[in-house]
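Enquirer: Submitted below is the structure of interest, expressed as structure tokens.
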Amino acid sequence: MNGAPLLRGFAPGAPIGQRDRQTITWERLVSSASALAARLPSDGYCVNLCEDRLNFLLGFAAALMARSTSLLPQSRAPEVIRTLGGTYPGSVLLTDRSDQADSTLTGIDISEWPAGGETACVPEIPFAHEAALLFTSGSTGTPRPHVKTWLSLVRAAAAVQARLPLVPGSTLLGAVPAQHMWGFEMTVMLPLQSGCAVAAGCPLLPAEIAAALESLPSPLWLVATPLHLRACVTAGERLPPVAGVLSATAALPAELALAVEQRYRAPLFEIYGSTETGTLATRRPTQTAIFETLGEITLSNGSGVTVAQGGHLMEPVTLNDVLALHNETQFVFRGRTQDLVKIAGKRGSLAALNAELGQVPGVKDSAVWLREDDGRVEARLVAFAVAPGKNPHEILDHLRQRLDPVFLPRPLILVDSLPRNRAGKLSQESLRRLAATHGHGGPLQDAGKAQWQEVPAAHPALPFHFPGDPLVPGVWLLGLVENAVRERFGACLSVCGVPDARFRRVLRPAETFCITLDRVAVDRIKFSVDTANACIADGTLAVSERP
């Protein structure tokens, strides 16, 4: 046997999808996918940006039939799509929104399903076919592509089905997009390979999740993230009876898991995995802290890292997480490798620090980010919190009772919301941008001309300073820094002194430079003035809030 069917476990006329209280049968999906496959490149690439999950399923099935590989970027940014088109020539764009069209790629709108002929049989897909190319979220750095063969996807889906009390004919509702590995495995591959249906929508808010579940036939399963579940519990949202809840993408606190099970009277399963590996293990967090691997997957430790192999993995994979192994199939999750930080000689975990921040009363969402030492500003923990009605001092006072002083975030920035992607994740770049927006960190990498400036050579004041060899006076440079403070932090913050300033070289008229600001304390801002090749000046400003 060199392949596996596109779908299995479906009786004749059984639903594969639900949209607007209408049923989509598996026969209709296969028929329309067959018609669409005729328009797709054989052995080529399809960028699937469909937001409606059934449209996504149609495009994915058609690509499989055409032996094309589905490219599943987590970002819909035009530049990302153009880059994909350049990296994978001849790619076709599958979309269900007119504003997603890209002139650099051939686009096909599949919001209206093509009519197909009678469905003779379920197509078989070769095991070796590269079914999908998924990209990491960027939460640990630059997004990277990972190829998934049809064999690996089918094996993973079978292992998940064997572990869960999921019966054929169930309906899954996903609150995560299909382009994310978590959403792809649980709301695309699992339904296809288990005889289950999937809802077309992707609700985000608690009320939207409740309304979507209310419109679907039972038994129901909710596929979500800890962010969605916390929002539902906090909002006190009543959900229709569900058979089970699946959670992944971030560590699930035991108290949240208990609150979900008690409120919705359904078992909650936490899934451990990654884009690199797919689903690796599961646990019931209300019953145990120990994850158990799926199928024939085994784990081993060596040289300070954990390696997973077997099961649906085509080759051994080194994990980016710190796991405490009980044996080769059981472990406790300790955090991500990139989460480990060392400050003042002490080691800590960003995930553990964020968990403490998230438990402060009034904090609805949070993130702790390590601003690296770049040679000019020291490494520092920066925390962000969504906490309406709270002030930073209240939150820090609470953290002081629970954290070593070296791990107290400096600063703690209150924000209206965090820049999470549709899967609820935060990329390193988005956190760096958020920090820079609030004056903590260096200039944005891609901010370009907006961050750079120059003093015009023709400025009338310059000839009076060192005639014949004009330069920008230091006092004038400090004035520009003060202007930058007002622009960054607003007119309510005033500079009341310059306790420390070092002028390291002269700045010439028309020389391009950039001003970097870092608010290191309530009353202190570190500044740096730099050209592309050298530091012009740096120091510290004393600041105060105006009433």
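Each chain in the structure tokens gets a letter, A, B and so on, in the order shown; residues start at 1 in every chain, and ligands are counted from 1 in the order they appear.
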Within 7 Å of range 525-535 of chain A, counting only C-alpha atoms, which residues qualify if same-chain residues fewer than 5 places away don't, as a short mmCIF file (atom, residue, chain, number, x, y, z; two decimals) with C-alpha atoms, in the first residue's frame?
Expert:
data_model
loop_
_atom_site.label_atom_id
_atom_site.label_comp_id
_atom_site.auth_asym_id
_atom_site.auth_seq_id
_atom_site.Cartn_x
_atom_site.Cartn_y
_atom_site.Cartn_z
CA ARG A 504 31.79 60.69 21.45
CA THR A 512 22.04 61.03 8.78
CA PHE A 513 21.46 59.93 12.36
CA CYS A 514 18.94 58.15 14.56
CA ILE A 515 17.80 58.85 18.13
CA THR A 516 17.06 55.88 20.38
CA LEU A 517 15.19 56.27 23.68
CA ASP A 518 14.84 53.78 26.51
CA ARG A 519 12.73 54.66 29.54
CA VAL A 520 14.60 52.71 32.20
CA THR A 540 20.64 59.87 30.61
CA LEU A 541 17.77 62.35 30.84
CA ALA A 542 15.88 63.19 34.02
#
Enquirer: Rank A:Glu454, A:Val363, A:Leu58, A:Thr87 by their smallest atom-to-atom distance to Ser417 in chain A, using only C-alpha atoms, and report the top residue only.
Expert: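 Smallest separation from Ser417 in chain A among the options: A:Val363.
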Enquirer: Determine which residues of range 244-360 of chain A receive a DSSP assignment of strand (DSSP E), computed from the backbone, and state them as a tab-separated table (two decimals) with C-alpha atoms, in the first residue's frame.
Expert:
chain	number	residue	atom	x	y	z
A	244	GLY	CA	-14.85	17.87	24.81
A	245	VAL	CA	-12.42	20.77	24.57
A	246	LEU	CA	-8.98	20.72	22.96
A	247	SER	CA	-6.33	23.33	23.84
A	268	LEU	CA	-10.42	19.24	28.51
A	269	PHE	CA	-7.41	17.77	26.71
A	270	GLU	CA	-4.19	19.72	26.35
A	271	ILE	CA	-2.15	18.93	23.25
A	272	TYR	CA	1.62	19.26	23.17
A	273	GLY	CA	3.37	19.76	19.84
A	274	SER	CA	4.91	22.24	17.43
A	278	GLY	CA	2.88	18.23	14.79
A	279	THR	CA	1.01	16.76	17.75
A	280	LEU	CA	3.32	14.75	20.01
A	281	ALA	CA	1.50	14.19	23.30
A	282	THR	CA	-1.66	14.83	25.32
A	283	ARG	CA	-2.76	15.15	28.95
A	291	PHE	CA	2.04	14.39	29.11
A	292	GLU	CA	1.97	11.02	27.33
A	293	THR	CA	3.25	10.70	23.78
A	298	THR	CA	9.50	8.09	21.96
A	299	LEU	CA	11.67	10.75	23.63
A	300	SER	CA	15.30	10.73	24.73
A	301	ASN	CA	17.61	13.22	26.40
A	302	GLY	CA	21.18	13.87	25.38
A	305	VAL	CA	18.35	18.56	24.48
A	306	THR	CA	15.33	16.30	23.99
A	307	VAL	CA	14.90	14.33	20.76
A	308	ALA	CA	11.57	12.90	19.54
A	309	GLN	CA	11.35	10.06	17.05
A	317	VAL	CA	13.50	15.97	15.70
A	318	THR	CA	15.31	18.03	18.33
A	321	ASP	CA	11.49	22.85	24.80
A	322	VAL	CA	12.76	21.80	28.18
A	323	LEU	CA	11.09	18.52	29.17
A	324	ALA	CA	11.52	16.55	32.39
A	325	LEU	CA	11.31	12.94	31.18
A	330	GLN	CA	5.97	10.46	29.64
A	331	PHE	CA	7.20	13.94	30.56
A	332	VAL	CA	6.45	17.22	32.28
A	333	PHE	CA	6.74	20.41	30.26
A	334	ARG	CA	9.13	22.92	31.88
A	335	GLY	CA	9.26	25.67	29.25
A	336	ARG	CA	10.79	26.61	25.93
A	340	LEU	CA	15.40	30.35	29.75
A	341	VAL	CA	17.11	33.56	30.84
A	342	LYS	CA	20.03	34.38	33.09
A	343	ILE	CA	20.03	37.71	34.93
A	346	LYS	CA	20.29	33.65	38.33
A	347	ARG	CA	18.32	31.48	35.91
A	348	GLY	CA	14.63	31.82	35.24
A	349	SER	CA	11.96	31.04	32.66
Enquirer: If we count only C-alpha atoms and set the cut-off at 9 Å, which residues sit around range 105-114 of chain A, ignoring sequence neighbours fewer than 5 positions away in its own chain? Please answer as a PDB file with N, CA and C atoms, in the first residue's frame.
Expert:
ATOM      1  N   LEU A  29     -17.904  17.648  -1.326  1.00  0.00           N
ATOM      2  CA  LEU A  29     -16.523  18.124  -1.212  1.00  0.00           C
ATOM      3  C   LEU A  29     -15.637  17.451  -2.246  1.00  0.00           C
ATOM      4  N   SER A  31     -16.430  15.946  -5.038  1.00  0.00           N
ATOM      5  CA  SER A  31     -16.825  16.305  -6.400  1.00  0.00           C
ATOM      6  C   SER A  31     -16.313  17.694  -6.783  1.00  0.00           C
ATOM      7  N   SER A  32     -16.511  18.680  -5.904  1.00  0.00           N
ATOM      8  CA  SER A  32     -16.053  20.046  -6.200  1.00  0.00           C
ATOM      9  C   SER A  32     -14.533  20.128  -6.200  1.00  0.00           C
ATOM     10  N   ALA A  33     -13.886  19.390  -5.311  1.00  0.00           N
ATOM     11  CA  ALA A  33     -12.427  19.397  -5.268  1.00  0.00           C
ATOM     12  C   ALA A  33     -11.841  18.813  -6.541  1.00  0.00           C
ATOM     13  N   ALA A  35     -13.195  18.973  -9.517  1.00  0.00           N
ATOM     14  CA  ALA A  35     -13.341  19.992 -10.567  1.00  0.00           C
ATOM     15  C   ALA A  35     -12.302  21.092 -10.392  1.00  0.00           C
ATOM     16  N   LEU A  36     -12.045  21.505  -9.151  1.00  0.00           N
ATOM     17  CA  LEU A  36     -11.062  22.552  -8.903  1.00  0.00           C
ATOM     18  C   LEU A  36      -9.649  22.067  -9.198  1.00  0.00           C
ATOM     19  N   ARG A  39      -7.835  22.840 -12.416  1.00  0.00           N
ATOM     20  CA  ARG A  39      -7.331  24.198 -12.675  1.00  0.00           C
ATOM     21  C   ARG A  39      -6.020  24.483 -11.952  1.00  0.00           C
ATOM     22  N   CYS A  50      -7.642  30.872   2.372  1.00  0.00           N
ATOM     23  CA  CYS A  50      -9.081  30.883   2.642  1.00  0.00           C
ATOM     24  C   CYS A  50      -9.363  30.993   4.140  1.00  0.00           C
ATOM     25  N   ASP A  52     -12.736  30.962   5.400  1.00  0.00           N
ATOM     26  CA  ASP A  52     -13.803  29.992   5.635  1.00  0.00           C
ATOM     27  C   ASP A  52     -13.164  28.608   5.646  1.00  0.00           C
ATOM     28  N   ASN A  55     -13.990  26.307   2.732  1.00  0.00           N
ATOM     29  CA  ASN A  55     -13.279  26.719   1.517  1.00  0.00           C
ATOM     30  C   ASN A  55     -11.820  26.291   1.582  1.00  0.00           C
ATOM     31  N   PHE A  56     -11.219  26.433   2.758  1.00  0.00           N
ATOM     32  CA  PHE A  56      -9.841  25.963   2.931  1.00  0.00           C
ATOM     33  C   PHE A  56      -9.760  24.470   2.662  1.00  0.00           C
ATOM     34  N   LEU A  58     -11.719  22.649   0.845  1.00  0.00           N
ATOM     35  CA  LEU A  58     -11.879  22.434  -0.592  1.00  0.00           C
ATOM     36  C   LEU A  58     -10.551  22.652  -1.320  1.00  0.00           C
ATOM     37  N   GLY A  59      -9.881  23.776  -1.028  1.00  0.00           N
ATOM     38  CA  GLY A  59      -8.612  24.070  -1.684  1.00  0.00           C
ATOM     39  C   GLY A  59      -7.537  23.051  -1.353  1.00  0.00           C
ATOM     40  N   ILE A  81       3.253  37.227   1.018  1.00  0.00           N
ATOM     41  CA  ILE A  81       2.728  36.466  -0.119  1.00  0.00           C
ATOM     42  C   ILE A  81       3.623  36.637  -1.341  1.00  0.00           C
ATOM     43  N   ARG A  82       4.100  37.856  -1.568  1.00  0.00           N
ATOM     44  CA  ARG A  82       5.001  38.078  -2.705  1.00  0.00           C
ATOM     45  C   ARG A  82       6.299  37.291  -2.535  1.00  0.00           C
ATOM     46  N   GLY A  85       5.671  33.757  -3.417  1.00  0.00           N
ATOM     47  CA  GLY A  85       5.604  33.594  -4.864  1.00  0.00           C
ATOM     48  C   GLY A  85       6.976  33.568  -5.506  1.00  0.00           C
ATOM     49  N   GLY A  90       5.541  29.951  -9.777  1.00  0.00           N
ATOM     50  CA  GLY A  90       4.363  29.316 -10.340  1.00  0.00           C
ATOM     51  C   GLY A  90       3.260  29.049  -9.344  1.00  0.00           C
ATOM     52  N   SER A  91       3.403  29.563  -8.128  1.00  0.00           N
ATOM     53  CA  SER A  91       2.384  29.329  -7.106  1.00  0.00           C
ATOM     54  C   SER A  91       1.052  29.958  -7.501  1.00  0.00           C
ATOM     55  N   VAL A  92      -0.029  29.272  -7.148  1.00  0.00           N
ATOM     56  CA  VAL A  92      -1.392  29.761  -7.367  1.00  0.00           C
ATOM     57  C   VAL A  92      -1.963  30.174  -6.017  1.00  0.00           C
ATOM     58  N   LEU A  93      -2.678  31.287  -5.996  1.00  0.00           N
ATOM     59  CA  LEU A  93      -3.268  31.806  -4.771  1.00  0.00           C
ATOM     60  C   LEU A  93      -4.728  31.393  -4.689  1.00  0.00           C
ATOM     61  N   LEU A  94      -5.083  30.633  -3.641  1.00  0.00           N
ATOM     62  CA  LEU A  94      -6.463  30.240  -3.400  1.00  0.00           C
ATOM     63  C   LEU A  94      -7.028  31.143  -2.311  1.00  0.00           C
ATOM     64  N   THR A  95      -8.136  31.799  -2.611  1.00  0.00           N
ATOM     65  CA  THR A  95      -8.678  32.779  -1.671  1.00  0.00           C
ATOM     66  C   THR A  95     -10.192  32.771  -1.723  1.00  0.00           C
ATOM     67  N   ASP A  96     -10.800  33.308  -0.673  1.00  0.00           N
ATOM     68  CA  ASP A  96     -12.251  33.485  -0.683  1.00  0.00           C
ATOM     69  C   ASP A  96     -12.624  34.920  -0.363  1.00  0.00           C
ATOM     70  N   ARG A  97     -11.635  35.824  -0.518  1.00  0.00           N
ATOM     71  CA  ARG A  97     -11.871  37.253  -0.318  1.00  0.00           C
ATOM     72  C   ARG A  97     -11.203  38.023  -1.446  1.00  0.00           C
ATOM     73  N   SER A  98     -11.930  38.993  -2.011  1.00  0.00           N
ATOM     74  CA  SER A  98     -11.401  39.744  -3.142  1.00  0.00           C
ATOM     75  C   SER A  98     -10.205  40.598  -2.753  1.00  0.00           C
ATOM     76  N   GLN A 100      -7.798  39.828  -0.941  1.00  0.00           N
ATOM     77  CA  GLN A 100      -6.598  39.035  -0.748  1.00  0.00           C
ATOM     78  C   GLN A 100      -5.861  38.783  -2.056  1.00  0.00           C
TER      79      GLN A 100
END
Enquirer: Just checking: using only C-alpha atoms, which residue out of A:Val47, A:Leu204, A:Leu6, A:Cys196 ends up closest to Thr83 in chain A?
Expert: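 Nearest to Thr83 in chain A: A:Val47.
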Enquirer: For Arg380 in chain A, which residue among A:Leu7, A:Leu408, A:Val80, A:Val176 is the nearest when counting only C-alpha atoms?
Expert: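 Closest to Arg380 in chain A of all the choices is A:Leu408.
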Enquirer: List every residue of range 131-346 of chain A that DSSP, applied to the backbone, labels as alpha helix (DSSP H), and write the result as a ChimeraX atom specification.
Expert: /A:150-163,181-184,190-194,206-214,226-235,254-264
Enquirer: Would you kindly return, as a PyMOL selection string, each protein, DNA or RNA residue with an atom no farther than 9 Å from any atom of Phe503 in chain A, considering only C-alpha atoms and excluding same-chain residues fewer than 5 positions away?
Expert: chain A and resi 474+535-539
Enquirer: Include N, CA and C atoms and write out the residues we just selected as a short mmCIF file (atom, residue, chain, number, x, y, z; two decimals), in the first residue's frame.
Expert:
data_model
loop_
_atom_site.label_atom_id
_atom_site.label_comp_id
_atom_site.auth_asym_id
_atom_site.auth_seq_id
_atom_site.Cartn_x
_atom_site.Cartn_y
_atom_site.Cartn_z
N GLY A 474 26.46 70.47 20.42
CA GLY A 474 25.93 69.50 21.36
C GLY A 474 24.62 69.93 21.98
N CYS A 535 28.50 55.79 17.27
CA CYS A 535 27.69 56.47 18.28
C CYS A 535 28.17 57.92 18.37
N ILE A 536 27.26 58.86 18.21
CA ILE A 536 27.59 60.28 18.30
C ILE A 536 27.56 60.75 19.76
N ALA A 537 26.49 60.37 20.46
CA ALA A 537 26.34 60.77 21.86
C ALA A 537 25.39 59.82 22.57
N ASP A 538 25.56 59.70 23.87
CA ASP A 538 24.62 58.92 24.66
C ASP A 538 24.62 59.46 26.09
N GLY A 539 23.64 59.05 26.87
CA GLY A 539 23.56 59.53 28.23
C GLY A 539 22.20 59.28 28.83
#
Enquirer: Quick one: residues within 8 Å of Leu220 in chain A, only C-alpha atoms, excluding same-chain residues fewer than 5 positions away - as a ChimeraX atom specification?
Expert: /A:170-173,213,241-244
Enquirer: Write out as a list in words the residues lying within 10 Å of Gln359 in chain A, counting only C-alpha atoms and excluding same-chain residues fewer than 6 positions away.
Expert: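 Counting only C-alpha atoms, the residues come to Pro253, Asp365, Ser366, His398 and Leu399 of chain A.
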Enquirer: At a cut-off of 9 Å, using only C-alpha atoms, what residues contact Met189 in chain A? Leave out same-chain residues fewer than 2 positions from it and give the result as number ranges by chain.
Expert: A: 7, 153-154, 156-157, 184-187, 191-194
Enquirer: With distances taken over only C-alpha atoms, which of A:Leu133, A:Leu353, A:Leu480, A:Ala383 is nearest to Val495 in chain A?
Expert: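 Ranking A:Leu133, A:Leu353, A:Leu480, A:Ala383 by distance to Val495 in chain A, first place goes to A:Leu480.
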